[in-house]
file structure12.tsv (TSV, C-alpha atoms and all ligand atoms)
chain	number	residue	atom	x	y	z
A	1	MET	CA	26.82	-13.80	-12.27
A	2	THR	CA	27.69	-10.30	-11.09
A	3	THR	CA	24.92	-8.26	-9.55
A	4	THR	CA	25.08	-4.50	-9.81
A	5	TYR	CA	23.63	-2.89	-6.70
A	6	GLN	CA	22.00	0.45	-7.12
A	7	SER	CA	23.09	2.18	-3.98
A	8	ALA	CA	25.49	1.83	-1.08
A	9	GLU	CA	22.54	1.05	1.18
A	10	LEU	CA	21.50	-1.88	-1.00
A	11	GLU	CA	25.08	-3.17	-0.99
A	12	GLU	CA	24.99	-3.34	2.79
A	13	LEU	CA	22.05	-5.77	2.85
A	14	ALA	CA	22.63	-9.43	3.67
A	15	PRO	CA	23.07	-11.75	0.63
A	16	GLU	CA	19.79	-13.57	1.37
A	17	HIS	CA	17.97	-10.31	0.74
A	18	PHE	CA	18.74	-10.91	-2.94
A	19	SER	CA	18.31	-14.66	-3.08
A	20	ARG	CA	14.85	-14.98	-1.51
A	21	ALA	CA	11.70	-13.40	-2.95
A	22	ARG	CA	10.54	-10.22	-1.19
A	23	ALA	CA	6.90	-9.10	-1.32
A	24	PRO	CA	7.58	-5.55	-2.58
A	25	ARG	CA	9.87	-6.80	-5.34
A	26	VAL	CA	7.38	-9.45	-6.52
A	27	TYR	CA	4.78	-6.65	-6.65
A	28	ASP	CA	7.25	-4.46	-8.55
A	29	CYS	CA	7.77	-7.31	-10.99
A	30	LEU	CA	3.99	-7.62	-11.51
A	31	LEU	CA	3.87	-3.87	-12.20
A	32	GLY	CA	6.60	-4.23	-14.84
A	33	GLY	CA	9.26	-2.64	-12.63
A	34	VAL	CA	12.96	-3.33	-12.86
A	35	ASP	CA	13.97	-3.39	-9.20
A	36	THR	CA	13.75	-7.18	-9.01
A	37	TYR	CA	16.01	-10.23	-8.83
A	38	GLN	CA	15.69	-13.71	-10.28
A	39	CYS	CA	14.07	-15.05	-7.08
A	40	ASP	CA	11.34	-12.39	-7.36
A	41	ARG	CA	10.74	-13.09	-11.03
A	42	ASP	CA	10.51	-16.84	-10.30
A	43	ALA	CA	7.91	-16.10	-7.60
A	44	ALA	CA	5.98	-13.77	-9.91
A	45	LEU	CA	5.90	-16.41	-12.65
A	46	ASP	CA	4.73	-19.10	-10.21
A	47	LEU	CA	2.08	-16.69	-8.97
A	48	TYR	CA	1.01	-15.90	-12.51
A	49	MET	CA	0.65	-19.63	-13.31
A	50	ALA	CA	-1.60	-20.01	-10.24
A	51	ALA	CA	-3.50	-16.76	-10.72
A	52	PRO	CA	-3.27	-15.31	-14.24
A	53	TRP	CA	-4.95	-12.12	-13.01
A	54	ALA	CA	-2.05	-11.26	-10.67
A	55	ALA	CA	-0.43	-8.57	-12.82
A	56	LEU	CA	-3.80	-6.93	-13.52
A	57	ALA	CA	-4.53	-7.01	-9.79
A	58	ALA	CA	-1.24	-5.23	-9.05
A	59	ARG	CA	-1.93	-2.53	-11.64
A	60	THR	CA	-5.48	-2.07	-10.39
A	61	ASN	CA	-4.21	-1.70	-6.84
A	62	ARG	CA	-1.56	0.81	-7.85
A	63	HIS	CA	-4.14	2.82	-9.79
A	64	PHE	CA	-6.23	3.14	-6.66
A	65	THR	CA	-3.54	5.39	-5.17
A	66	GLN	CA	-4.57	7.96	-7.77
A	67	THR	CA	-8.26	7.53	-6.92
A	68	ALA	CA	-7.75	7.82	-3.17
A	69	THR	CA	-5.36	10.75	-3.44
A	70	ALA	CA	-7.68	12.63	-5.78
A	71	ALA	CA	-10.56	12.04	-3.36
A	72	ALA	CA	-8.49	13.52	-0.51
A	73	VAL	CA	-7.28	16.50	-2.55
A	74	ARG	CA	-10.87	17.24	-3.57
A	75	ARG	CA	-11.76	17.38	0.10
A	76	GLY	CA	-9.07	20.02	0.57
A	77	ILE	CA	-6.63	17.74	2.39
A	78	GLY	CA	-3.02	18.86	2.07
A	79	GLN	CA	-1.02	16.34	4.17
A	80	PHE	CA	-0.35	12.73	3.19
A	81	LEU	CA	0.93	9.57	4.86
A	82	ASP	CA	1.71	6.54	2.69
A	83	LEU	CA	2.06	3.52	4.97
A	84	GLY	CA	3.83	0.57	3.34
A	85	CYS	CA	4.74	2.68	0.33
A	86	GLY	CA	6.62	-0.07	-1.54
A	87	ILE	CA	9.26	0.39	-4.23
A	88	PRO	CA	8.74	3.74	-6.00
A	89	HIS	CA	6.57	3.47	-9.08
A	90	ARG	CA	5.39	6.53	-10.97
A	91	PRO	CA	3.13	8.24	-10.32
A	92	ASN	CA	4.13	8.16	-6.66
A	93	LEU	CA	1.88	9.87	-4.16
A	94	HIS	CA	3.84	13.14	-4.12
A	95	HIS	CA	3.34	13.43	-7.88
A	96	LEU	CA	-0.42	13.53	-7.31
A	97	VAL	CA	-0.70	16.32	-4.75
A	98	PRO	CA	-0.24	20.09	-4.84
A	99	HIS	CA	3.41	21.11	-4.61
A	100	GLY	CA	4.59	21.75	-1.06
A	101	SER	CA	2.15	19.30	0.56
A	102	PRO	CA	3.95	17.21	3.17
A	103	VAL	CA	4.11	13.55	2.12
A	104	VAL	CA	5.57	10.97	4.49
A	105	TYR	CA	6.45	7.55	3.08
A	106	VAL	CA	6.86	4.64	5.49
A	107	ASP	CA	8.06	1.10	4.91
A	108	ARG	CA	9.81	-1.63	6.88
A	109	ASP	CA	11.63	-3.34	4.04
A	110	PRO	CA	15.31	-2.32	3.88
A	111	GLY	CA	15.45	-2.77	0.09
A	112	VAL	CA	12.35	-0.62	-0.39
A	113	LEU	CA	13.87	2.03	1.84
A	114	ALA	CA	17.09	2.13	-0.16
A	115	HIS	CA	15.11	2.76	-3.35
A	116	ALA	CA	12.70	5.11	-1.61
A	117	LYS	CA	15.44	7.27	-0.12
A	118	SER	CA	16.99	7.83	-3.52
A	119	ARG	CA	13.75	8.33	-5.46
A	120	LEU	CA	11.11	9.56	-3.01
A	121	ASP	CA	13.14	11.68	-0.61
A	122	VAL	CA	13.35	14.50	-3.09
A	123	GLY	CA	13.68	18.25	-2.67
A	124	PRO	CA	11.52	21.22	-3.69
A	125	PRO	CA	8.90	21.63	-5.03
A	126	TYR	CA	8.10	18.42	-3.15
A	127	GLU	CA	8.12	18.06	0.62
A	128	THR	CA	8.72	14.36	1.11
A	129	THR	CA	10.17	12.26	3.93
A	130	VAL	CA	11.01	8.57	3.93
A	131	VAL	CA	10.75	6.76	7.25
A	132	ALA	CA	11.89	3.25	8.17
A	133	ALA	CA	9.26	1.87	10.52
A	134	ASP	CA	6.93	-1.04	11.13
A	135	LEU	CA	3.20	-0.41	11.11
A	136	MET	CA	2.78	-3.08	13.74
A	137	ASP	CA	4.48	-0.63	16.14
A	138	MET	CA	2.02	2.08	15.18
A	139	GLU	CA	2.21	4.07	18.41
A	140	GLU	CA	5.99	4.34	18.14
A	141	LEU	CA	5.76	5.15	14.42
A	142	LEU	CA	3.31	8.01	14.90
A	143	ALA	CA	5.32	9.50	17.76
A	144	ARG	CA	8.51	9.77	15.72
A	145	PRO	CA	9.60	13.37	15.12
A	146	ASP	CA	9.99	12.73	11.38
A	147	VAL	CA	6.33	11.61	11.23
A	148	ALA	CA	4.54	13.70	13.87
A	149	GLY	CA	6.72	16.71	13.10
A	150	ALA	CA	5.92	16.59	9.39
A	151	PHE	CA	2.22	17.29	9.93
A	152	ASP	CA	0.07	20.06	11.32
A	153	PRO	CA	-2.02	18.14	13.91
A	154	GLY	CA	-4.79	20.70	13.55
A	155	ARG	CA	-5.43	19.79	9.91
A	156	PRO	CA	-6.67	16.55	8.32
A	157	ILE	CA	-4.28	13.99	6.89
A	158	ALA	CA	-4.92	11.49	4.08
A	159	VAL	CA	-3.51	8.07	4.93
A	160	ALA	CA	-3.03	5.33	2.34
A	161	VAL	CA	-2.71	1.72	3.51
A	162	HIS	CA	-2.76	-0.05	0.18
A	163	ASP	CA	-1.99	-3.76	-0.10
A	164	VAL	CA	-0.04	-3.64	3.15
A	165	LEU	CA	-2.19	-5.32	5.79
A	166	PRO	CA	-2.38	-8.71	3.97
A	167	TRP	CA	1.39	-9.00	4.58
A	168	ASN	CA	0.70	-8.98	8.31
A	169	ALA	CA	-0.97	-12.21	9.33
A	170	ASP	CA	-1.63	-11.47	13.00
A	171	ASP	CA	-5.26	-10.29	13.02
A	172	ALA	CA	-5.15	-8.89	16.54
A	173	ALA	CA	-1.93	-6.95	15.93
A	174	VAL	CA	-3.29	-5.46	12.71
A	175	ALA	CA	-6.56	-4.49	14.41
A	176	ASP	CA	-4.67	-2.82	17.26
A	177	ALA	CA	-2.38	-0.92	14.88
A	178	MET	CA	-5.32	0.37	12.86
A	179	ALA	CA	-7.17	1.43	16.01
A	180	VAL	CA	-4.13	3.47	17.11
A	181	LEU	CA	-3.91	5.07	13.66
A	182	ARG	CA	-7.62	5.98	13.62
A	183	GLY	CA	-7.37	7.47	17.09
A	184	TRP	CA	-4.34	9.60	16.13
A	185	LEU	CA	-5.82	11.09	12.96
A	186	PRO	CA	-7.34	14.58	13.14
A	187	THR	CA	-11.02	14.98	12.33
A	188	GLY	CA	-11.65	15.27	8.59
A	189	SER	CA	-8.81	12.89	7.72
A	190	THR	CA	-9.30	10.15	5.13
A	191	LEU	CA	-8.21	6.55	5.48
A	192	SER	CA	-7.92	4.49	2.30
A	193	ILE	CA	-7.29	0.76	2.43
A	194	THR	CA	-6.92	-1.91	-0.21
A	195	HIS	CA	-6.80	-5.52	0.88
A	196	LEU	CA	-6.57	-8.95	-0.73
A	197	THR	CA	-9.72	-11.07	-0.39
A	198	ASP	CA	-11.06	-14.36	-1.72
A	199	HIS	CA	-14.55	-12.83	-1.75
A	200	PHE	CA	-14.63	-12.42	-5.55
A	201	ASN	CA	-12.44	-15.34	-6.47
A	202	ALA	CA	-12.62	-18.21	-4.02
A	203	ARG	CA	-11.03	-20.64	-6.49
A	204	THR	CA	-7.74	-19.03	-7.42
A	205	VAL	CA	-6.92	-16.76	-4.46
A	206	PRO	CA	-5.97	-19.81	-2.32
A	207	LYS	CA	-3.73	-20.92	-5.20
A	208	ALA	CA	-2.07	-17.51	-5.22
A	209	VAL	CA	-1.55	-17.71	-1.46
A	210	ALA	CA	0.04	-21.15	-1.90
A	211	ALA	CA	2.31	-19.83	-4.67
A	212	TYR	CA	3.58	-17.06	-2.39
A	213	GLU	CA	4.04	-19.65	0.36
A	214	ARG	CA	6.25	-21.75	-1.94
A	215	HIS	CA	8.55	-18.75	-2.17
A	216	GLY	CA	8.62	-18.12	1.56
A	217	LEU	CA	6.03	-15.32	1.61
A	218	THR	CA	2.96	-15.33	3.83
A	219	VAL	CA	-0.02	-13.36	2.61
A	220	ARG	CA	-3.39	-13.29	4.33
A	221	PRO	CA	-6.62	-12.59	2.42
A	222	ARG	CA	-9.38	-11.26	4.66
A	223	SER	CA	-13.17	-11.19	4.48
A	224	LEU	CA	-15.32	-8.14	3.84
A	225	THR	CA	-16.19	-8.08	7.54
A	226	GLY	CA	-12.54	-8.27	8.56
A	227	ILE	CA	-11.47	-5.53	6.16
A	228	SER	CA	-14.43	-3.28	7.03
A	229	ALA	CA	-13.42	-3.43	10.69
A	230	PHE	CA	-10.11	-1.68	9.88
A	231	PHE	CA	-12.10	1.47	9.09
A	232	GLY	CA	-13.69	1.50	12.55
A	233	GLY	CA	-16.48	4.06	12.79
A	234	PHE	CA	-15.20	6.27	9.96
A	235	THR	CA	-17.77	7.36	7.39
A	236	HIS	CA	-17.31	5.74	4.01
A	237	LEU	CA	-17.27	7.67	0.78
A	238	GLY	CA	-19.48	5.82	-1.68
A	239	SER	CA	-21.36	3.00	-0.04
A	240	GLY	CA	-18.45	1.25	1.58
A	241	PRO	CA	-15.68	-1.12	0.59
A	242	ALA	CA	-15.97	-2.38	-2.98
A	243	ALA	CA	-13.84	-4.33	-5.43
A	244	VAL	CA	-10.76	-2.19	-5.96
A	245	SER	CA	-11.48	-1.82	-9.68
A	246	GLN	CA	-15.11	-0.93	-9.06
A	247	TRP	CA	-14.85	1.51	-6.20
A	248	SER	CA	-15.53	4.68	-8.15
A	249	ALA	CA	-18.60	3.23	-9.80
A	250	HIS	CA	-19.90	1.85	-6.55
A	251	GLY	CA	-22.63	3.64	-4.69
A	252	PRO	CA	-23.64	7.28	-4.61
A	253	ASN	CA	-20.18	8.83	-4.87
A	254	VAL	CA	-19.90	12.54	-5.25
A	255	PHE	CA	-16.76	11.86	-7.29
A	256	HIS	CA	-16.63	10.65	-10.84
A	257	PHE	CA	-13.45	8.63	-11.12
A	258	THR	CA	-12.91	6.32	-14.01
A	259	PRO	CA	-12.95	2.74	-12.77
A	260	TYR	CA	-9.92	0.64	-13.69
A	261	PRO	CA	-10.83	-1.76	-16.50
A	262	ALA	CA	-10.70	-5.01	-14.53
A	263	ARG	CA	-13.33	-7.41	-13.25
A	264	ALA	CA	-13.72	-7.76	-9.49
A	265	SER	CA	-12.44	-11.34	-9.75
A	266	ASP	CA	-9.31	-10.07	-11.51
A	267	CYS	CA	-8.32	-7.68	-8.76
A	268	ALA	CA	-9.20	-9.93	-5.80
A	269	ALA	CA	-9.16	-7.04	-3.37
A	270	PHE	CA	-11.50	-4.69	-1.55
A	271	ALA	CA	-10.87	-0.96	-1.47
A	272	GLY	CA	-12.45	1.71	0.67
A	273	ILE	CA	-12.01	5.36	1.51
A	274	ALA	CA	-13.48	6.64	4.74
A	275	VAL	CA	-13.48	9.93	6.62
A	276	LYS	CA	-13.00	10.58	10.33
A	277	THR	CA	-16.02	12.66	11.27
B	1	LIG	C1	2.63	-4.90	-2.14
B	1	LIG	S1	3.53	-3.53	-1.54
B	1	LIG	C2	2.36	-2.23	-1.75
B	1	LIG	C3	3.01	-0.91	-2.09
B	1	LIG	C4	2.08	0.29	-2.20
B	1	LIG	N1	1.38	0.54	-0.97
B	1	LIG	C5	1.09	0.14	-3.32
B	1	LIG	O1	-0.09	-0.10	-3.04
B	1	LIG	O2	1.45	0.27	-4.48
B	1	LIG	C6	3.43	-3.79	0.23
B	1	LIG	C7	4.43	-2.94	1.00
B	1	LIG	O3	4.03	-2.89	2.38
B	1	LIG	C8	5.18	-2.99	3.18
B	1	LIG	N2	4.78	-3.50	4.49
B	1	LIG	C9	4.07	-4.61	4.76
B	1	LIG	N3	3.87	-4.74	6.07
B	1	LIG	C10	4.45	-3.66	6.66
B	1	LIG	C11	4.60	-3.23	8.01
B	1	LIG	N4	4.10	-3.95	9.03
B	1	LIG	N5	5.26	-2.07	8.25
B	1	LIG	C12	5.77	-1.35	7.23
B	1	LIG	N6	5.68	-1.72	5.93
B	1	LIG	C13	5.03	-2.87	5.65
B	1	LIG	C14	6.10	-3.96	2.42
B	1	LIG	O4	7.44	-3.85	2.82
B	1	LIG	C15	5.86	-3.52	0.99
B	1	LIG	O5	6.77	-2.55	0.59
call {"tool": "encode", "arguments": {"input": "structure12.tsv", "output": "structure tokens", "more": "lines below"}}
Ligand SMILES: C[S@@+](CC[C@H](N)C(=O)[O-])C[C@H]1O[C@@H](n2cnc3c(N)ncnc32)[C@H](O)[C@@H]1O
result
Amino acid sequence: MTTTYQSAELEELAPEHFSRARAPRVYDCLLGGVDTYQCDRDAALDLYMAAPWAALAARTNRHFTQTATAAAVRRGIGQFLDLGCGIPHRPNLHHLVPHGSPVVYVDRDPGVLAHAKSRLDVGPPYETTVVAADLMDMEELLARPDVAGAFDPGRPIAVAVHDVLPWNADDAAVADAMAVLRGWLPTGSTLSITHLTDHFNARTVPKAVAAYERHGLTVRPRSLTGISAFFGGFTHLGSGPAAVSQWSAHGPNVFHFTPYPARASDCAAFAGIAVKT
């Protein structure tokens, strides 16, 4: 079978990049995207057999980008950092913010970057940058001229870390990276995180983890305590991390977002938005 690659950068990737499932492409498949290969679709089907809520969970997670971005825009924030941005999927973050706001997209996956460079690194009226970097080297990432130089350090930044940390199994490394990020952010910044958990669905989340494992992908659900720690001492909007589909309805929010129509057990993730005060 002949494969048609979509860009010269994709053509340069090693053959195994297209024959083994990749986390961002399985997620793209669950979202109904087209940037996938047979290995990703096989993994998505296996995952779906183990956890029939998987596609709804992906959509719910993706919807939360709109919630978190709207929350930041309402607070007057005009600079945005999307860590682990994934394969572009409309609306992307720069579609949700006032024109001219700097938006920096970061990912470590070479396939994601090839797609992102062609579809996210766009010109006016948008001010977007795509950066190849690993969050686990957070200090290095934040010191890069294309990241640090994109932002006014005197003004708050909204950072999205959505469904990224579960793909990093080393608890200590993730904790360190998030501490560096929190320390770097200017006062008034928002940090939004979504994270897989078995808190709402202890029966099928382990089956989903095993399905990923069968396709060579390691994903790590974390507890409420573990996920809450990634926010450090930031002040939560609402009353703290909630099921990703329920966040807007949870606690005394000053915002009135429409919750995504999914049960907590069908999104299997916590979401939170917190402010550096
Ligand atoms: C499931 S996708 C989520 C995409 C997007 N954030 C969303 O919520 O729609 C996870 C993305 O995080 C990226 N990722 C995971 N760990 C990363 C790391 N340590 N550094 C940079 N990117 C990472 C993956 O390459 C992938 O594109």
call {"tool": "axis_aligned_box", "arguments": {"input": "structure12.tsv", "around": "stretch 263-277 of chain A", "padding_each_side": "5 Å", "output": "lines of an AutoDock Vina configuration file"}}
result
center_x = -12.2
center_y = 0.7
center_z = -1.0
size_x = 17.7
size_y = 34.0
size_z = 34.5
call {"tool": "residues_near_ligand", "arguments": {"input": "structure12.tsv", "ligand": "ligand LIG 1 (chain B)", "cutoff": "8 Å", "atoms": "all atoms listed in the file", "output": "number ranges by chain"}}
result
A: 23-28, 58, 61-62, 64-65, 82-87, 89, 106-109, 112, 132-137, 160-168, 194
call {"tool": "closest_residue", "arguments": {"input": "structure12.tsv", "among": "A:Ala143, A:Gly111, A:Ser101, A:Val73", "to": "A:Glu16", "atoms": "all atoms listed in the file"}}
result
A:Gly111
call {"tool": "atom_distance", "arguments": {"input": "structure12.tsv", "atom1": "atom CA of A:Ser265", "atom2": "atom CA of A:Thr60"}}
result
11.6 Å
call {"tool": "residues_around", "arguments": {"input": "structure12.tsv", "residues": "A:Val122", "least_positions_apart": "6", "cutoff": "12 Å", "atoms": "only C-alpha atoms", "output": "list in words"}}
result
Asn92, His94, His95, Gly100, Pro102, Val103, Val104, Tyr105, His115, Ala116, Thr128, Thr129 and Val130 of chain A
call {"tool": "atom_distance", "arguments": {"input": "structure12.tsv", "atom1": "atom CA of A:Pro125", "atom2": "atom CA of A:Lys276"}}
result
28.9 Å
call {"tool": "closest_residue", "arguments": {"input": "structure12.tsv", "among": "A:Ala54, A:Ile227, A:Ala173, A:Val147", "to": "A:Leu31", "atoms": "only C-alpha atoms"}}
result
A:Ala54
call {"tool": "closest_residue", "arguments": {"input": "structure12.tsv", "among": "A:Asp46, A:Pro88, A:His17, A:His199", "to": "A:Gly33", "atoms": "all atoms listed in the file"}}
result
A:Pro88
call {"tool": "atom_distance", "arguments": {"input": "structure12.tsv", "atom1": "atom CA of A:Ala158", "atom2": "atom CA of A:Gly123"}}
result
20.9 Å
call {"tool": "closest_residue", "arguments": {"input": "structure12.tsv", "among": "A:Leu191, A:Ala68, A:Leu56, A:Ile77", "to": "A:Ala264", "atoms": "only C-alpha atoms"}}
result
A:Leu56
call {"tool": "closest_residue", "arguments": {"input": "structure12.tsv", "among": "A:Lys207, A:Ser228, A:Thr218, A:Ser223", "to": "A:Met49", "atoms": "only C-alpha atoms"}}
result
A:Lys207
call {"tool": "closest_residue", "arguments": {"input": "structure12.tsv", "among": "A:Pro206, A:Pro186, A:Gly149, A:Gly216", "to": "A:Phe234", "atoms": "all atoms listed in the file"}}
result
A:Pro186
call {"tool": "closest_atom_pairs", "arguments": {"input": "structure12.tsv", "of": "stretch 41-130 of chain A", "to": "stretch 153-157 of chain A", "cutoff": "10 Å", "atoms": "only C-alpha atoms", "output": "tab-separated table"}}
result
residue	atom	partner	partner_atom	distance
A:Ala72	CA	A:Ile157	CA	8.5
A:Arg75	CA	A:Pro156	CA	9.7
A:Gly76	CA	A:Pro156	CA	8.8
A:Ile77	CA	A:Pro156	CA	6.0
A:Gly78	CA	A:Ile157	CA	7.0
A:Gln79	CA	A:Ile157	CA	4.9
A:Phe80	CA	A:Ile157	CA	5.5
A:Leu81	CA	A:Ile157	CA	7.1
A:Pro102	CA	A:Ile157	CA	9.6
A:Val103	CA	A:Ile157	CA	9.7
call {"tool": "write_last_selection", "arguments": {"input": "structure12.tsv", "atoms": "C-alpha atoms", "output": "mmCIF file, in the frame of the given file"}}
result
data_model
loop_
_atom_site.group_PDB
_atom_site.id
_atom_site.type_symbol
_atom_site.label_atom_id
_atom_site.label_comp_id
_atom_site.auth_asym_id
_atom_site.auth_seq_id
_atom_site.Cartn_x
_atom_site.Cartn_y
_atom_site.Cartn_z
ATOM 1 C CA ALA A 72 -8.490 13.520 -0.510
ATOM 2 C CA ARG A 75 -11.760 17.380 0.100
ATOM 3 C CA GLY A 76 -9.070 20.020 0.570
ATOM 4 C CA ILE A 77 -6.630 17.740 2.390
ATOM 5 C CA GLY A 78 -3.020 18.860 2.070
ATOM 6 C CA GLN A 79 -1.020 16.340 4.170
ATOM 7 C CA PHE A 80 -0.350 12.730 3.190
ATOM 8 C CA LEU A 81 0.930 9.570 4.860
ATOM 9 C CA PRO A 102 3.950 17.210 3.170
ATOM 10 C CA VAL A 103 4.110 13.550 2.120
#
call {"tool": "build_atoms", "arguments": {"input": "structure12.tsv", "residues": "stretch 57-81 of chain A", "atoms": "N, CA and C atoms", "output": "PDB file, in the coordinates of the input"}}
result
ATOM      1  N   ALA A  57      -4.186  -7.375 -11.171  1.00  0.00           N
ATOM      2  CA  ALA A  57      -4.530  -7.010  -9.790  1.00  0.00           C
ATOM      3  C   ALA A  57      -3.535  -5.988  -9.249  1.00  0.00           C
ATOM      4  N   ALA A  58      -2.259  -6.178  -9.541  1.00  0.00           N
ATOM      5  CA  ALA A  58      -1.240  -5.230  -9.050  1.00  0.00           C
ATOM      6  C   ALA A  58      -1.457  -3.854  -9.685  1.00  0.00           C
ATOM      7  N   ARG A  59      -1.721  -3.836 -10.969  1.00  0.00           N
ATOM      8  CA  ARG A  59      -1.930  -2.530 -11.640  1.00  0.00           C
ATOM      9  C   ARG A  59      -3.185  -1.842 -11.117  1.00  0.00           C
ATOM     10  N   THR A  60      -4.220  -2.636 -10.901  1.00  0.00           N
ATOM     11  CA  THR A  60      -5.480  -2.070 -10.390  1.00  0.00           C
ATOM     12  C   THR A  60      -5.253  -1.473  -9.004  1.00  0.00           C
ATOM     13  N   ASN A  61      -4.501  -2.193  -8.193  1.00  0.00           N
ATOM     14  CA  ASN A  61      -4.210  -1.700  -6.840  1.00  0.00           C
ATOM     15  C   ASN A  61      -3.414  -0.396  -6.909  1.00  0.00           C
ATOM     16  N   ARG A  62      -2.417  -0.378  -7.760  1.00  0.00           N
ATOM     17  CA  ARG A  62      -1.560   0.810  -7.850  1.00  0.00           C
ATOM     18  C   ARG A  62      -2.370   2.013  -8.358  1.00  0.00           C
ATOM     19  N   HIS A  63      -3.293   1.754  -9.261  1.00  0.00           N
ATOM     20  CA  HIS A  63      -4.140   2.820  -9.790  1.00  0.00           C
ATOM     21  C   HIS A  63      -4.994   3.442  -8.699  1.00  0.00           C
ATOM     22  N   PHE A  64      -5.348   2.623  -7.714  1.00  0.00           N
ATOM     23  CA  PHE A  64      -6.230   3.140  -6.660  1.00  0.00           C
ATOM     24  C   PHE A  64      -5.557   4.246  -5.847  1.00  0.00           C
ATOM     25  N   THR A  65      -4.235   4.287  -5.848  1.00  0.00           N
ATOM     26  CA  THR A  65      -3.540   5.390  -5.170  1.00  0.00           C
ATOM     27  C   THR A  65      -3.961   6.723  -5.791  1.00  0.00           C
ATOM     28  N   GLN A  66      -4.144   6.721  -7.100  1.00  0.00           N
ATOM     29  CA  GLN A  66      -4.570   7.960  -7.770  1.00  0.00           C
ATOM     30  C   GLN A  66      -6.003   8.315  -7.365  1.00  0.00           C
ATOM     31  N   THR A  67      -6.855   7.298  -7.303  1.00  0.00           N
ATOM     32  CA  THR A  67      -8.260   7.530  -6.920  1.00  0.00           C
ATOM     33  C   THR A  67      -8.346   8.091  -5.505  1.00  0.00           C
ATOM     34  N   ALA A  68      -7.656   7.422  -4.577  1.00  0.00           N
ATOM     35  CA  ALA A  68      -7.750   7.820  -3.170  1.00  0.00           C
ATOM     36  C   ALA A  68      -7.125   9.196  -2.950  1.00  0.00           C
ATOM     37  N   THR A  69      -6.033   9.458  -3.630  1.00  0.00           N
ATOM     38  CA  THR A  69      -5.360  10.750  -3.440  1.00  0.00           C
ATOM     39  C   THR A  69      -6.225  11.869  -4.025  1.00  0.00           C
ATOM     40  N   ALA A  70      -6.799  11.617  -5.175  1.00  0.00           N
ATOM     41  CA  ALA A  70      -7.680  12.630  -5.780  1.00  0.00           C
ATOM     42  C   ALA A  70      -8.874  12.913  -4.871  1.00  0.00           C
ATOM     43  N   ALA A  71      -9.408  11.855  -4.258  1.00  0.00           N
ATOM     44  CA  ALA A  71     -10.560  12.040  -3.360  1.00  0.00           C
ATOM     45  C   ALA A  71     -10.157  12.930  -2.177  1.00  0.00           C
ATOM     46  N   ALA A  72      -8.951  12.713  -1.651  1.00  0.00           N
ATOM     47  CA  ALA A  72      -8.490  13.520  -0.510  1.00  0.00           C
ATOM     48  C   ALA A  72      -8.228  14.961  -0.934  1.00  0.00           C
ATOM     49  N   VAL A  73      -7.588  15.137  -2.071  1.00  0.00           N
ATOM     50  CA  VAL A  73      -7.280  16.500  -2.550  1.00  0.00           C
ATOM     51  C   VAL A  73      -8.581  17.262  -2.790  1.00  0.00           C
ATOM     52  N   ARG A  74      -9.574  16.584  -3.339  1.00  0.00           N
ATOM     53  CA  ARG A  74     -10.870  17.240  -3.570  1.00  0.00           C
ATOM     54  C   ARG A  74     -11.539  17.671  -2.277  1.00  0.00           C
ATOM     55  N   ARG A  75     -11.191  16.989  -1.193  1.00  0.00           N
ATOM     56  CA  ARG A  75     -11.760  17.380   0.100  1.00  0.00           C
ATOM     57  C   ARG A  75     -10.918  18.467   0.761  1.00  0.00           C
ATOM     58  N   GLY A  76      -9.890  18.916   0.061  1.00  0.00           N
ATOM     59  CA  GLY A  76      -9.070  20.020   0.570  1.00  0.00           C
ATOM     60  C   GLY A  76      -7.936  19.559   1.479  1.00  0.00           C
ATOM     61  N   ILE A  77      -7.703  18.253   1.522  1.00  0.00           N
ATOM     62  CA  ILE A  77      -6.630  17.740   2.390  1.00  0.00           C
ATOM     63  C   ILE A  77      -5.275  18.042   1.745  1.00  0.00           C
ATOM     64  N   GLY A  78      -4.325  18.462   2.588  1.00  0.00           N
ATOM     65  CA  GLY A  78      -3.020  18.860   2.070  1.00  0.00           C
ATOM     66  C   GLY A  78      -1.846  18.186   2.768  1.00  0.00           C
ATOM     67  N   GLN A  79      -2.096  17.072   3.496  1.00  0.00           N
ATOM     68  CA  GLN A  79      -1.020  16.340   4.170  1.00  0.00           C
ATOM     69  C   GLN A  79      -1.266  14.855   3.935  1.00  0.00           C
ATOM     70  N   PHE A  80      -0.179  14.105   3.671  1.00  0.00           N
ATOM     71  CA  PHE A  80      -0.350  12.730   3.190  1.00  0.00           C
ATOM     72  C   PHE A  80       0.632  11.774   3.860  1.00  0.00           C
ATOM     73  N   LEU A  81       0.116  10.600   4.220  1.00  0.00           N
ATOM     74  CA  LEU A  81       0.930   9.570   4.860  1.00  0.00           C
ATOM     75  C   LEU A  81       0.717   8.274   4.084  1.00  0.00           C
TER      76      LEU A  81
END
